[in-house]
$ cat my_file-v7.cif   # mmCIF, C-alpha atoms
data_final
loop_
_atom_site.label_atom_id
_atom_site.label_comp_id
_atom_site.auth_asym_id
_atom_site.auth_seq_id
_atom_site.Cartn_x
_atom_site.Cartn_y
_atom_site.Cartn_z
CA MET A 1 192.19 252.15 45.51
CA SER A 2 190.28 254.17 48.12
CA SER A 3 191.69 257.47 49.38
CA HIS A 4 189.68 257.29 52.62
CA PRO A 5 192.20 257.43 55.50
CA ASN A 6 190.31 254.81 57.54
CA TRP A 7 189.84 252.36 54.67
CA PHE A 8 192.17 249.60 53.45
CA ASP A 9 191.41 247.11 50.73
CA VAL A 10 193.28 244.42 52.66
CA ALA A 11 194.20 244.19 56.35
CA VAL A 12 196.88 241.66 57.30
CA LEU A 13 196.83 240.55 60.93
CA GLY A 14 200.34 239.37 61.71
CA GLY A 15 203.60 240.73 60.36
CA GLY A 16 205.68 237.59 60.01
CA PRO A 17 207.00 236.21 56.70
CA GLY A 18 203.61 234.98 55.45
CA GLY A 19 201.75 238.20 56.18
CA LEU A 20 204.54 240.40 54.85
CA ALA A 21 204.85 238.32 51.67
CA ALA A 22 201.13 238.90 51.07
CA ALA A 23 201.56 242.63 51.71
CA LEU A 24 204.60 242.89 49.43
CA THR A 25 202.87 241.01 46.61
CA LEU A 26 199.75 243.17 46.82
CA CYS A 27 201.76 246.40 46.93
CA ARG A 28 204.16 245.50 44.13
CA TYR A 29 201.70 243.86 41.76
CA SER A 30 198.37 245.64 42.36
CA ASP A 31 196.95 249.00 43.38
CA LEU A 32 195.21 247.61 46.48
CA SER A 33 195.86 249.42 49.76
CA VAL A 34 197.30 247.26 52.55
CA LEU A 35 197.47 247.56 56.34
CA VAL A 36 199.67 245.20 58.39
CA VAL A 37 199.02 244.94 62.14
CA GLU A 38 201.96 243.39 64.00
CA LYS A 39 202.06 242.78 67.75
CA SER A 40 205.82 243.15 68.07
CA GLY A 41 208.15 245.98 67.22
CA TYR A 42 210.61 243.61 65.47
CA ASP A 43 213.02 244.47 68.25
CA MET A 44 213.07 241.24 70.27
CA PRO A 45 215.16 238.17 69.39
CA ARG A 46 213.29 235.57 67.35
CA VAL A 47 214.07 231.90 66.89
CA GLY A 48 216.55 231.44 64.07
CA GLU A 49 215.96 229.06 61.23
CA THR A 50 217.85 227.44 58.40
CA LEU A 51 216.67 228.36 54.92
CA ALA A 52 217.23 225.61 52.40
CA PRO A 53 218.60 226.47 48.93
CA GLY A 54 216.02 227.71 46.48
CA ILE A 55 214.72 230.67 48.51
CA GLN A 56 216.22 233.20 46.08
CA GLY A 57 213.36 232.99 43.57
CA LEU A 58 210.74 233.85 46.19
CA LEU A 59 212.75 236.76 47.56
CA GLU A 60 213.43 238.10 44.07
CA TYR A 61 209.72 237.98 43.26
CA LEU A 62 209.03 239.98 46.41
CA GLY A 63 211.74 242.46 45.47
CA VAL A 64 213.80 241.92 48.63
CA TRP A 65 216.70 239.72 47.47
CA LYS A 66 219.29 242.53 47.50
CA ALA A 67 218.16 243.68 50.92
CA PHE A 68 218.35 240.08 52.16
CA LEU A 69 221.95 239.73 50.96
CA ALA A 70 222.88 243.04 52.57
CA ASP A 71 221.74 241.77 55.98
CA GLY A 72 224.69 239.40 56.28
CA HIS A 73 222.95 236.14 57.15
CA LEU A 74 225.34 233.20 57.45
CA PRO A 75 225.61 230.83 54.48
CA ALA A 76 224.61 227.23 55.24
CA PHE A 77 226.50 224.68 53.18
CA GLY A 78 224.57 221.57 54.08
CA THR A 79 222.75 219.44 56.62
CA ALA A 80 223.90 216.50 58.70
CA ALA A 81 221.82 213.93 60.56
CA ALA A 82 222.35 210.99 62.89
CA TRP A 83 218.94 209.54 62.08
CA GLY A 84 218.30 205.81 62.12
CA SER A 85 221.95 205.30 63.02
CA SER A 86 224.58 206.70 65.37
CA VAL A 87 226.62 207.63 62.30
CA VAL A 88 226.19 211.15 60.93
CA ALA A 89 225.20 211.34 57.26
CA ALA A 90 225.89 214.66 55.53
CA ARG A 91 224.19 216.29 52.56
CA ASP A 92 226.07 219.15 50.92
CA PHE A 93 223.98 221.90 49.33
CA ILE A 94 226.68 222.27 46.68
CA LEU A 95 225.26 219.09 45.15
CA THR A 96 221.90 220.80 44.55
CA PRO A 97 221.22 223.18 41.62
CA PHE A 98 220.22 225.97 44.03
CA GLY A 99 223.51 226.82 45.76
CA THR A 100 223.84 227.49 49.48
CA GLY A 101 221.21 227.81 52.16
CA TRP A 102 221.21 230.34 55.00
CA HIS A 103 221.29 230.45 58.79
CA LEU A 104 218.91 233.29 59.55
CA ASP A 105 218.90 236.06 62.08
CA ARG A 106 215.08 235.96 62.23
CA ARG A 107 214.65 239.33 63.90
CA ARG A 108 216.68 240.99 61.17
CA PHE A 109 214.93 239.02 58.42
CA ASP A 110 211.42 239.96 59.57
CA HIS A 111 212.43 243.57 60.16
CA THR A 112 213.81 243.81 56.61
CA LEU A 113 210.63 242.36 55.10
CA ALA A 114 208.58 244.92 57.04
CA ARG A 115 210.80 247.79 55.96
CA GLU A 116 210.61 246.71 52.33
CA ALA A 117 206.82 246.33 52.53
CA GLU A 118 206.55 249.89 53.84
CA ALA A 119 208.77 251.14 51.03
CA ALA A 120 206.46 249.37 48.56
CA GLY A 121 203.44 251.22 49.97
CA ALA A 122 202.07 249.12 52.83
CA THR A 123 201.03 250.75 56.09
CA ILE A 124 202.54 248.82 59.01
CA TRP A 125 201.46 249.41 62.58
CA ARG A 126 203.99 247.83 64.93
CA ALA A 127 203.39 247.00 68.58
CA ALA A 128 199.69 246.99 67.76
CA ASP A 129 196.71 244.80 68.54
CA ALA A 130 193.44 244.50 66.63
CA ARG A 131 189.87 243.47 67.27
CA PHE A 132 187.76 242.73 64.23
CA GLU A 133 184.20 241.95 63.20
CA PRO A 134 182.32 241.82 59.90
CA ASP A 135 179.79 244.52 59.06
CA ALA A 136 176.45 244.16 57.31
CA ASP A 137 178.03 244.82 53.90
CA GLY A 138 180.50 241.94 54.18
CA ARG A 139 183.45 244.20 54.97
CA TRP A 140 185.50 244.23 58.14
CA ARG A 141 185.57 246.72 60.99
CA LEU A 142 188.80 246.81 62.98
CA GLU A 143 189.62 248.46 66.27
CA VAL A 144 193.40 248.78 66.42
CA ARG A 145 195.31 249.91 69.48
CA HIS A 146 198.55 251.44 68.28
CA ALA A 147 200.98 254.03 69.66
CA GLY A 148 198.71 254.70 72.62
CA GLU A 149 195.72 255.41 70.40
CA ARG A 150 192.53 253.57 69.50
CA ARG A 151 192.02 253.61 65.74
CA LEU A 152 188.91 252.51 63.88
CA VAL A 153 189.46 251.29 60.33
CA GLU A 154 187.60 249.27 57.71
CA ALA A 155 188.94 246.68 55.30
CA GLY A 156 187.53 244.77 52.38
CA PHE A 157 189.48 241.58 53.09
CA LEU A 158 191.42 240.03 56.00
CA VAL A 159 194.59 237.96 55.83
CA ASP A 160 195.07 235.69 58.84
CA ALA A 161 198.81 235.64 59.43
CA THR A 162 198.52 235.05 63.19
CA GLY A 163 200.57 231.84 63.15
CA LYS A 164 199.49 228.58 64.75
CA SER A 165 196.75 230.34 66.74
CA ALA A 166 194.85 231.14 63.48
CA VAL A 167 192.82 233.76 65.32
CA VAL A 168 190.84 235.08 62.35
CA ALA A 169 190.06 231.70 60.79
CA ARG A 170 188.91 230.05 64.02
CA ARG A 171 186.79 233.10 64.86
CA CYS A 172 185.15 232.63 61.45
CA GLY A 173 184.36 228.98 62.13
CA ALA A 174 187.34 227.17 60.56
CA ARG A 175 188.59 224.04 62.32
CA ARG A 176 192.24 223.61 63.17
CA CYS A 177 193.16 219.91 62.90
CA ILE A 178 196.23 219.14 65.02
CA PHE A 179 198.08 215.90 64.30
CA ASP A 180 200.67 215.59 67.08
CA ARG A 181 201.79 217.22 70.32
CA MET A 182 205.31 218.18 69.37
CA VAL A 183 207.01 221.16 71.00
CA ALA A 184 210.52 222.56 70.76
CA VAL A 185 212.48 223.23 73.95
CA ILE A 186 214.92 225.76 72.65
CA THR A 187 217.71 228.01 73.84
CA MET A 188 220.76 229.82 72.55
CA VAL A 189 224.30 228.73 73.35
CA GLU A 190 227.09 231.28 73.33
CA LEU A 191 230.17 229.68 71.85
CA PRO A 192 233.68 230.48 73.07
CA ALA A 193 235.98 232.66 71.02
CA GLY A 194 237.87 230.72 68.39
CA SER A 195 235.26 227.96 68.04
CA PRO A 196 235.36 226.16 64.68
CA ALA A 197 233.10 227.65 62.04
CA GLU A 198 229.93 225.55 61.79
CA THR A 199 228.31 225.68 58.36
CA VAL A 200 225.81 222.84 58.60
CA THR A 201 222.56 222.21 60.44
CA LEU A 202 222.77 219.09 62.62
CA VAL A 203 219.92 216.76 63.60
CA GLU A 204 220.49 213.95 66.12
CA THR A 205 217.85 211.54 67.41
CA CYS A 206 217.41 210.19 70.93
CA ALA A 207 214.77 208.14 72.75
CA GLU A 208 212.89 211.29 73.77
CA GLY A 209 212.79 212.81 70.27
CA TRP A 210 215.47 214.61 68.30
CA TRP A 211 217.88 217.53 68.64
CA TYR A 212 218.42 220.40 66.23
CA SER A 213 221.36 222.81 66.24
CA ALA A 214 222.41 225.55 63.84
CA LYS A 215 224.86 228.43 63.92
CA LEU A 216 223.53 231.97 64.00
CA PRO A 217 225.26 235.23 63.08
CA GLY A 218 227.71 236.08 65.85
CA ALA A 219 229.10 233.55 68.32
CA MET A 220 225.70 231.97 68.95
CA MET A 221 224.11 228.64 68.17
CA THR A 222 220.43 227.75 68.48
CA VAL A 223 219.84 224.35 70.07
CA ALA A 224 216.44 222.68 70.42
CA LEU A 225 215.01 219.41 71.66
CA MET A 226 211.94 218.30 69.69
CA SER A 227 209.62 216.07 71.70
CA ASP A 228 206.00 215.67 72.78
CA THR A 229 204.63 217.98 75.43
CA GLY A 230 203.77 215.11 77.83
CA ILE A 231 207.34 213.79 77.69
CA ILE A 232 208.76 217.27 78.26
CA HIS A 233 206.64 217.83 81.37
CA ALA A 234 207.13 214.32 82.78
CA ARG A 235 210.93 214.57 82.44
CA ARG A 236 211.06 218.28 83.37
CA LEU A 237 213.01 218.88 80.18
CA ALA A 238 212.01 222.52 80.06
CA ASP A 239 214.21 223.07 83.14
CA ALA A 240 217.79 224.02 82.35
CA GLU A 241 219.56 221.24 84.26
CA PRO A 242 217.56 218.20 83.01
CA TRP A 243 217.67 219.68 79.50
CA ARG A 244 221.45 220.07 79.74
CA ARG A 245 221.96 216.54 81.11
CA LEU A 246 220.03 215.03 78.23
CA LEU A 247 221.98 217.21 75.80
CA GLN A 248 225.26 215.86 77.18
CA ASP A 249 224.15 212.37 76.15
CA GLN A 250 224.01 213.41 72.48
CA PRO A 251 227.61 212.93 71.31
CA HIS A 252 227.47 214.79 68.00
CA THR A 253 225.46 217.77 69.22
CA TRP A 254 227.39 218.10 72.46
CA ALA A 255 230.73 218.02 70.63
CA ARG A 256 229.92 221.12 68.57
CA LEU A 257 228.94 223.02 71.75
CA GLU A 258 232.15 222.33 73.67
CA GLY A 259 232.96 225.23 75.99
CA GLY A 260 229.68 226.96 75.25
CA ARG A 261 227.42 228.72 77.73
CA LEU A 262 223.63 228.63 77.90
CA ALA A 263 222.36 232.12 77.10
CA GLY A 264 219.10 232.06 79.01
CA ARG A 265 216.60 229.44 80.12
CA PRO A 266 215.10 226.97 77.65
CA ARG A 267 211.77 228.07 76.17
CA ILE A 268 208.90 225.89 75.00
CA ILE A 269 207.60 226.71 71.52
CA PRO A 270 204.74 224.85 69.77
CA ALA A 271 206.03 222.70 66.89
CA PHE A 272 203.00 220.55 66.06
CA SER A 273 201.73 219.65 62.60
CA ALA A 274 198.32 221.12 61.82
CA ARG A 275 196.00 221.99 58.95
CA LEU A 276 193.23 224.57 58.84
CA GLU A 277 189.96 223.35 57.39
CA PRO A 278 189.16 225.39 55.34
CA ALA A 279 192.01 227.88 54.78
CA VAL A 280 189.73 230.47 53.13
CA GLY A 281 186.29 231.88 53.80
CA HIS A 282 184.02 234.81 53.07
CA GLY A 283 186.32 237.81 53.09
CA TRP A 284 189.36 236.10 54.63
CA VAL A 285 192.28 233.82 53.85
CA ALA A 286 194.93 232.22 56.09
CA VAL A 287 198.66 232.13 55.25
CA GLY A 288 201.79 230.62 56.75
CA ASP A 289 201.40 228.57 59.92
CA ALA A 290 197.81 229.77 60.27
CA ALA A 291 196.94 227.79 57.13
CA ALA A 292 199.19 224.78 57.76
CA SER A 293 202.14 224.07 60.02
CA HIS A 294 204.67 221.35 59.30
CA ASP A 295 207.15 219.43 61.41
CA PRO A 296 210.35 221.49 61.92
CA LEU A 297 212.22 218.55 60.41
CA SER A 298 211.09 219.76 57.00
CA SER A 299 213.03 223.06 57.43
CA SER A 300 210.45 224.68 55.20
CA GLY A 301 208.53 226.99 57.50
CA ILE A 302 209.71 230.34 56.15
CA ALA A 303 209.72 229.27 52.50
CA ARG A 304 206.18 227.91 52.86
CA ALA A 305 205.05 231.10 54.59
CA LEU A 306 206.46 233.28 51.82
CA ASP A 307 204.99 231.05 49.11
CA SER A 308 201.56 230.95 50.74
CA GLY A 309 201.56 234.73 51.19
CA ILE A 310 202.31 235.22 47.49
CA HIS A 311 199.64 232.73 46.37
CA ALA A 312 197.03 234.18 48.73
CA ALA A 313 197.72 237.75 47.59
CA ARG A 314 197.21 236.79 43.95
CA ALA A 315 193.91 235.13 44.84
CA ILE A 316 192.80 238.19 46.83
CA CYS A 317 193.55 240.44 43.88
CA ASP A 318 191.48 238.21 41.60
CA ARG A 319 188.60 238.37 44.08
CA LEU A 320 188.66 242.11 44.83
CA ARG A 321 189.60 243.48 41.43
CA TYR A 322 187.87 241.07 39.07
CA GLY A 323 185.21 239.39 41.22
CA ARG A 324 186.71 235.95 40.56
CA PRO A 325 186.70 233.52 43.52
CA ASP A 326 188.46 230.72 41.61
CA GLY A 327 191.88 231.75 42.91
CA LEU A 328 190.80 231.42 46.53
CA ILE A 329 189.19 228.03 45.86
CA GLU A 330 192.38 226.84 44.18
CA TYR A 331 194.48 228.23 47.04
CA ASP A 332 192.51 226.19 49.59
CA ARG A 333 192.93 223.07 47.44
CA TRP A 334 196.68 223.75 47.14
CA ILE A 335 197.06 224.06 50.92
CA GLY A 336 195.26 220.75 51.42
CA GLU A 337 197.18 218.85 48.77
CA SER A 338 200.51 220.24 49.99
CA PHE A 339 199.74 219.07 53.51
CA GLU A 340 198.80 215.58 52.35
CA HIS A 341 202.08 215.29 50.45
CA TYR A 342 204.02 216.57 53.46
CA TRP A 343 202.29 214.15 55.83
CA ALA A 344 203.13 211.13 53.70
CA THR A 345 206.77 212.23 53.46
CA ARG A 346 206.94 212.84 57.20
CA GLN A 347 205.65 209.35 57.97
CA ARG A 348 208.22 207.75 55.69
CA TYR A 349 211.06 209.72 57.24
CA TYR A 350 210.12 208.94 60.84
CA ALA A 351 209.84 205.26 59.92
CA LEU A 352 213.58 205.26 59.16
CA GLU A 353 214.38 205.52 62.89
CA GLN A 354 213.90 202.01 64.33
CA ARG A 355 215.97 202.33 67.52
CA TRP A 356 214.36 202.73 70.97
CA PRO A 357 211.44 200.32 70.54
CA GLY A 358 210.12 201.29 73.98
CA SER A 359 210.06 205.03 73.27
CA MET A 360 206.64 206.68 73.46
CA PHE A 361 207.77 209.44 71.08
CA TRP A 362 208.86 207.09 68.30
CA ASN A 363 206.08 204.54 68.81
CA ARG A 364 203.48 207.26 68.30
CA ARG A 365 205.03 208.12 64.95
CA ARG A 366 205.48 204.51 63.87
CA SER A 367 201.81 203.78 64.56
CA ASN A 368 200.75 206.65 62.27
CA VAL A 369 198.20 207.84 64.85
CA ALA A 370 197.30 211.51 64.83
CA THR A 371 195.17 213.45 67.31
CA ASP A 372 193.31 216.69 67.09
CA ARG A 373 193.23 219.25 69.88
CA LEU A 374 190.53 217.25 71.71
CA GLY A 375 192.63 214.09 71.65
CA LEU A 376 190.49 212.37 69.03
CA GLN A 377 192.12 210.18 66.40
CA VAL A 378 191.97 211.82 63.00
CA SER A 379 193.42 211.42 59.53
CA PRO A 380 195.08 214.22 57.55
CA PRO A 381 192.22 216.19 55.98
CA ALA A 382 191.71 215.63 52.30
CA ALA A 383 191.21 218.50 49.90
CA ARG A 384 187.54 219.36 49.64
CA GLU A 385 185.24 221.63 47.73
CA THR A 386 185.44 225.19 49.03
CA ARG A 387 182.76 227.82 48.65
CA ILE A 388 183.58 231.52 48.91
#
$ encode --input "my_file-v7.cif" --output "structure tokens"
Amino acid sequence: MSSHPNWFDVAVLGGGPGGLAAALTLCRYSDLSVLVVEKSGYDMPRVGETLAPGIQGLLEYLGVWKAFLADGHLPAFGTAAAWGSSVVAARDFILTPFGTGWHLDRRRFDHTLAREAEAAGATIWRAADARFEPDADGRWRLEVRHAGERRLVEAGFLVDATGKSAVVARRCGARRCIFDRMVAVITMVELPAGSPAETVTLVETCAEGWWYSAKLPGAMMTVALMSDTGIIHARRLADAEPWRRLLQDQPHTWARLEGGRLAGRPRIIPAFSARLEPAVGHGWVAVGDAAASHDPLSSSGIARALDSGIHAARAICDRLRYGRPDGLIEYDRWIGESFEHYWATRQRYYALEQRWPGSMFWNRRRSNVATDRLGLQVSPPAARETRI
């Protein structure tokens, strides 16, 4: 581990769950020095998410399980879906061997991961932005603007945790294959005092796509319409009134929001499925949504980000400490195989909804046609040989 103040063994660009899981793993299980550069200050609201049961093992490995419990996230006792039928089918988490899930306060969750990473030895620069380029020795030079200063640092390895934009990977020549045009039109609804306690995540389909709603800590519920960007713009569904009118036509979702008040305008958030090809390269690796992003229906985004950060950190340690690239090659293969399995499962699940035969949204998914960012038809990328 270098003692040079401007040198870090690993620089992580992006301080979300994937990047922080990589930082925590490196700090807890190696002597490598780690810098995390995060654009936000963890002080703005972030979109909440439901964590499925089984997250405890990952959080215990990262050493943050007790801190997670202390944050007071709401237990989630199951999921319910009106999918393929107007009748809601429920699945109780108590029937799984993993216990309850959780409705997250994402801002609090990310802030806690960052705080724990700092306590483990990571340097975290919040409200910061970085430019990067490789030097002649195969290391990385970074210019980081932080706290009103311009700081020049060097790093031996970069972790791309920049989310769906995959800034590092695309700059290094990786191709981002995008397989649909899904977006989430999302807002928060403030529930009236005395509203029934909601302990399940609800999914309800409609001709335009499907609705998601989940309770958050406090008297708030996150509500989102998942659809394709062309449908959203054609129907003006990012505007509050058309969005609300369509919501009123969803009997199960609307019923749990009775008396509620929209807390702000709907926002459009990318929700497409994508895979980076490759997910590793000379001196860099992508984690979380930068490596692969899945349909929100899978409810696996945070768990996948944490898992990928852990796997990537182990591979980085093998590469930097022992000169072994096998871990990075295996990581890239794992990302590809995981995406192929997800894609097949996604297709089967969407095929269950056979209503609305004239719907563009559902017909696209029944035809199993995927497009990349240029609108070209593509197939999910197969795992391939990777060279580091």
$ resolve_selection --input "my_file-v7.cif" --expression "the PyMOL selection byres ((chain A and resi 216) around 9)" --output "MDAnalysis selection string"
chainID A and resid 48:49 73:74 103:105 214:215 217:222
$ closest_atom_pairs --input "my_file-v7.cif" --of "segment 116-172 of chain A" --to "segment 28-43 of chain A" --cutoff "7 Å" --atoms "only C-alpha atoms" --output "Markdown table"
| residue | atom | partner | partner_atom | distance |
| --- | --- | --- | --- | --- |
| A:Ala120 | CA | A:Arg28 | CA | 6.3 |
| A:Ala122 | CA | A:Val34 | CA | 5.1 |
| A:Thr123 | CA | A:Leu35 | CA | 4.8 |
| A:Ile124 | CA | A:Val36 | CA | 4.7 |
| A:Trp125 | CA | A:Val37 | CA | 5.1 |
| A:Arg126 | CA | A:Glu38 | CA | 5.0 |
| A:Ala127 | CA | A:Lys39 | CA | 4.5 |
| A:Ala128 | CA | A:Lys39 | CA | 4.8 |
| A:Asp129 | CA | A:Lys39 | CA | 5.8 |
$ write_last_selection --input "my_file-v7.cif" --atoms "C-alpha atoms" --output "short mmCIF file (atom, residue, chain, number, x, y, z; two decimals), in the coordinates of the input"
data_model
loop_
_atom_site.label_atom_id
_atom_site.label_comp_id
_atom_site.auth_asym_id
_atom_site.auth_seq_id
_atom_site.Cartn_x
_atom_site.Cartn_y
_atom_site.Cartn_z
CA ALA A 120 206.46 249.37 48.56
CA ALA A 122 202.07 249.12 52.83
CA THR A 123 201.03 250.75 56.09
CA ILE A 124 202.54 248.82 59.01
CA TRP A 125 201.46 249.41 62.58
CA ARG A 126 203.99 247.83 64.93
CA ALA A 127 203.39 247.00 68.58
CA ALA A 128 199.69 246.99 67.76
CA ASP A 129 196.71 244.80 68.54
#
$ residues_around --input "my_file-v7.cif" --residues "segment 293-295 of chain A" --least-positions-apart "6" --cutoff "8 Å" --atoms "all atoms listed in the file" --output "PDB file with C-alpha atoms, in the coordinates of the input"
ATOM      1  CA  LYS A 164     199.490 228.580  64.750  1.00  0.00           C
ATOM      2  CA  ALA A 271     206.030 222.700  66.890  1.00  0.00           C
ATOM      3  CA  PHE A 272     203.000 220.550  66.060  1.00  0.00           C
ATOM      4  CA  SER A 273     201.730 219.650  62.600  1.00  0.00           C
ATOM      5  CA  ALA A 274     198.320 221.120  61.820  1.00  0.00           C
ATOM      6  CA  ARG A 275     196.000 221.990  58.950  1.00  0.00           C
ATOM      7  CA  GLY A 301     208.530 226.990  57.500  1.00  0.00           C
ATOM      8  CA  PHE A 339     199.740 219.070  53.510  1.00  0.00           C
ATOM      9  CA  TYR A 342     204.020 216.570  53.460  1.00  0.00           C
ATOM     10  CA  ARG A 346     206.940 212.840  57.200  1.00  0.00           C
TER      11      ARG A 346
END
$ residues_around --input "my_file-v7.cif" --residues "segment 251-263 of chain A" --least-positions-apart "5" --cutoff "8 Å" --atoms "only C-alpha atoms" --output "NGL selection string"
:A and (187-192 or 202-204 or 211 or 213)
$ resolve_selection --input "my_file-v7.cif" --expression "the PyMOL selection byres ((chain A and resi 111) around 12)" --output "number ranges by chain"
A: 15-17, 20, 38, 40-46, 64, 67-68, 71, 105-110, 112-118, 124, 126
$ residues_around --input "my_file-v7.cif" --residues "Pro357 of chain A" --least-positions-apart "5" --cutoff "10 Å" --atoms "all atoms listed in the file" --output "NGL selection string"
:A and (207 or 362-363 or 366)
$ residues_near_point --input "my_file-v7.cif" --point "(215.0, 207.2, 61.5)" --cutoff "12 Å" --atoms "all atoms listed in the file" --output "PyMOL selection string"
chain A and resi 81-89+203-207+209-210+297+346-357+362-363+365-366
$ atom_distance --input "my_file-v7.cif" --atom1 "atom CA of Cys27 of chain A" --atom2 "atom CA of Leu13 of chain A"
16.0 Å
$ closest_residue --input "my_file-v7.cif" --among "A:Leu58, A:Leu237, A:Val185, A:Ile268" --to "Ser308 of chain A" --atoms "all atoms listed in the file"
A:Leu58
$ closest_residue --input "my_file-v7.cif" --among "A:Ala292, A:Leu152, A:Ala184, A:Val200" --to "Arg91 of chain A" --atoms "all atoms listed in the file"
A:Val200
$ atom_distance --input "my_file-v7.cif" --atom1 "atom CA of Tyr322 of chain A" --atom2 "atom CA of Glu277 of chain A"
25.6 Å
$ decode --input "my_file-v7.cif" --residues "segment 231-247 of chain A" --atoms "N, CA and C atoms" --output "mmCIF file, in the first residue's frame"
data_model
loop_
_atom_site.group_PDB
_atom_site.id
_atom_site.type_symbol
_atom_site.label_atom_id
_atom_site.label_comp_id
_atom_site.auth_asym_id
_atom_site.auth_seq_id
_atom_site.Cartn_x
_atom_site.Cartn_y
_atom_site.Cartn_z
ATOM 1 N N ILE A 231 -43.968 5.734 -25.974
ATOM 2 C CA ILE A 231 -45.336 5.752 -25.455
ATOM 3 C C ILE A 231 -45.505 6.884 -24.452
ATOM 4 N N ILE A 232 -44.516 7.053 -23.587
ATOM 5 C CA ILE A 232 -44.585 8.116 -22.584
ATOM 6 C C ILE A 232 -44.704 9.479 -23.243
ATOM 7 N N HIS A 233 -43.896 9.732 -24.266
ATOM 8 C CA HIS A 233 -43.926 11.047 -24.914
ATOM 9 C C HIS A 233 -45.196 11.231 -25.735
ATOM 10 N N ALA A 234 -45.634 10.180 -26.435
ATOM 11 C CA ALA A 234 -46.837 10.298 -27.263
ATOM 12 C C ALA A 234 -48.073 10.564 -26.423
ATOM 13 N N ARG A 235 -48.145 9.951 -25.242
ATOM 14 C CA ARG A 235 -49.309 10.111 -24.360
ATOM 15 C C ARG A 235 -49.118 11.206 -23.321
ATOM 16 N N ARG A 236 -47.968 11.868 -23.346
ATOM 17 C CA ARG A 236 -47.632 12.928 -22.374
ATOM 18 C C ARG A 236 -47.754 12.410 -20.937
ATOM 19 N N LEU A 237 -47.316 11.191 -20.724
ATOM 20 C CA LEU A 237 -47.474 10.561 -19.417
ATOM 21 C C LEU A 237 -46.429 10.999 -18.402
ATOM 22 N N ALA A 238 -45.526 11.868 -18.819
ATOM 23 C CA ALA A 238 -44.616 12.468 -17.843
ATOM 24 C C ALA A 238 -45.215 13.737 -17.247
ATOM 25 N N ASP A 239 -46.364 14.177 -17.765
ATOM 26 C CA ASP A 239 -47.080 15.317 -17.190
ATOM 27 C C ASP A 239 -48.002 14.814 -16.084
ATOM 28 N N ALA A 240 -48.132 15.598 -15.045
ATOM 29 C CA ALA A 240 -48.821 15.144 -13.834
ATOM 30 C C ALA A 240 -50.263 14.715 -14.110
ATOM 31 N N GLU A 241 -51.010 15.496 -14.899
ATOM 32 C CA GLU A 241 -52.431 15.201 -15.050
ATOM 33 C C GLU A 241 -52.685 13.954 -15.889
ATOM 34 N N PRO A 242 -52.060 13.776 -17.064
ATOM 35 C CA PRO A 242 -52.246 12.512 -17.796
ATOM 36 C C PRO A 242 -51.757 11.301 -16.999
ATOM 37 N N TRP A 243 -50.650 11.465 -16.286
ATOM 38 C CA TRP A 243 -50.126 10.381 -15.447
ATOM 39 C C TRP A 243 -51.149 10.000 -14.382
ATOM 40 N N ARG A 244 -51.744 11.012 -13.752
ATOM 41 C CA ARG A 244 -52.721 10.756 -12.691
ATOM 42 C C ARG A 244 -53.989 10.108 -13.257
ATOM 43 N N ARG A 245 -54.430 10.556 -14.434
ATOM 44 C CA ARG A 245 -55.645 9.969 -15.025
ATOM 45 C C ARG A 245 -55.446 8.493 -15.334
ATOM 46 N N LEU A 246 -54.273 8.154 -15.871
ATOM 47 C CA LEU A 246 -54.007 6.748 -16.147
ATOM 48 C C LEU A 246 -53.911 5.955 -14.846
ATOM 49 N N LEU A 247 -53.326 6.552 -13.829
ATOM 50 C CA LEU A 247 -53.227 5.890 -12.530
ATOM 51 C C LEU A 247 -54.619 5.580 -11.964
#
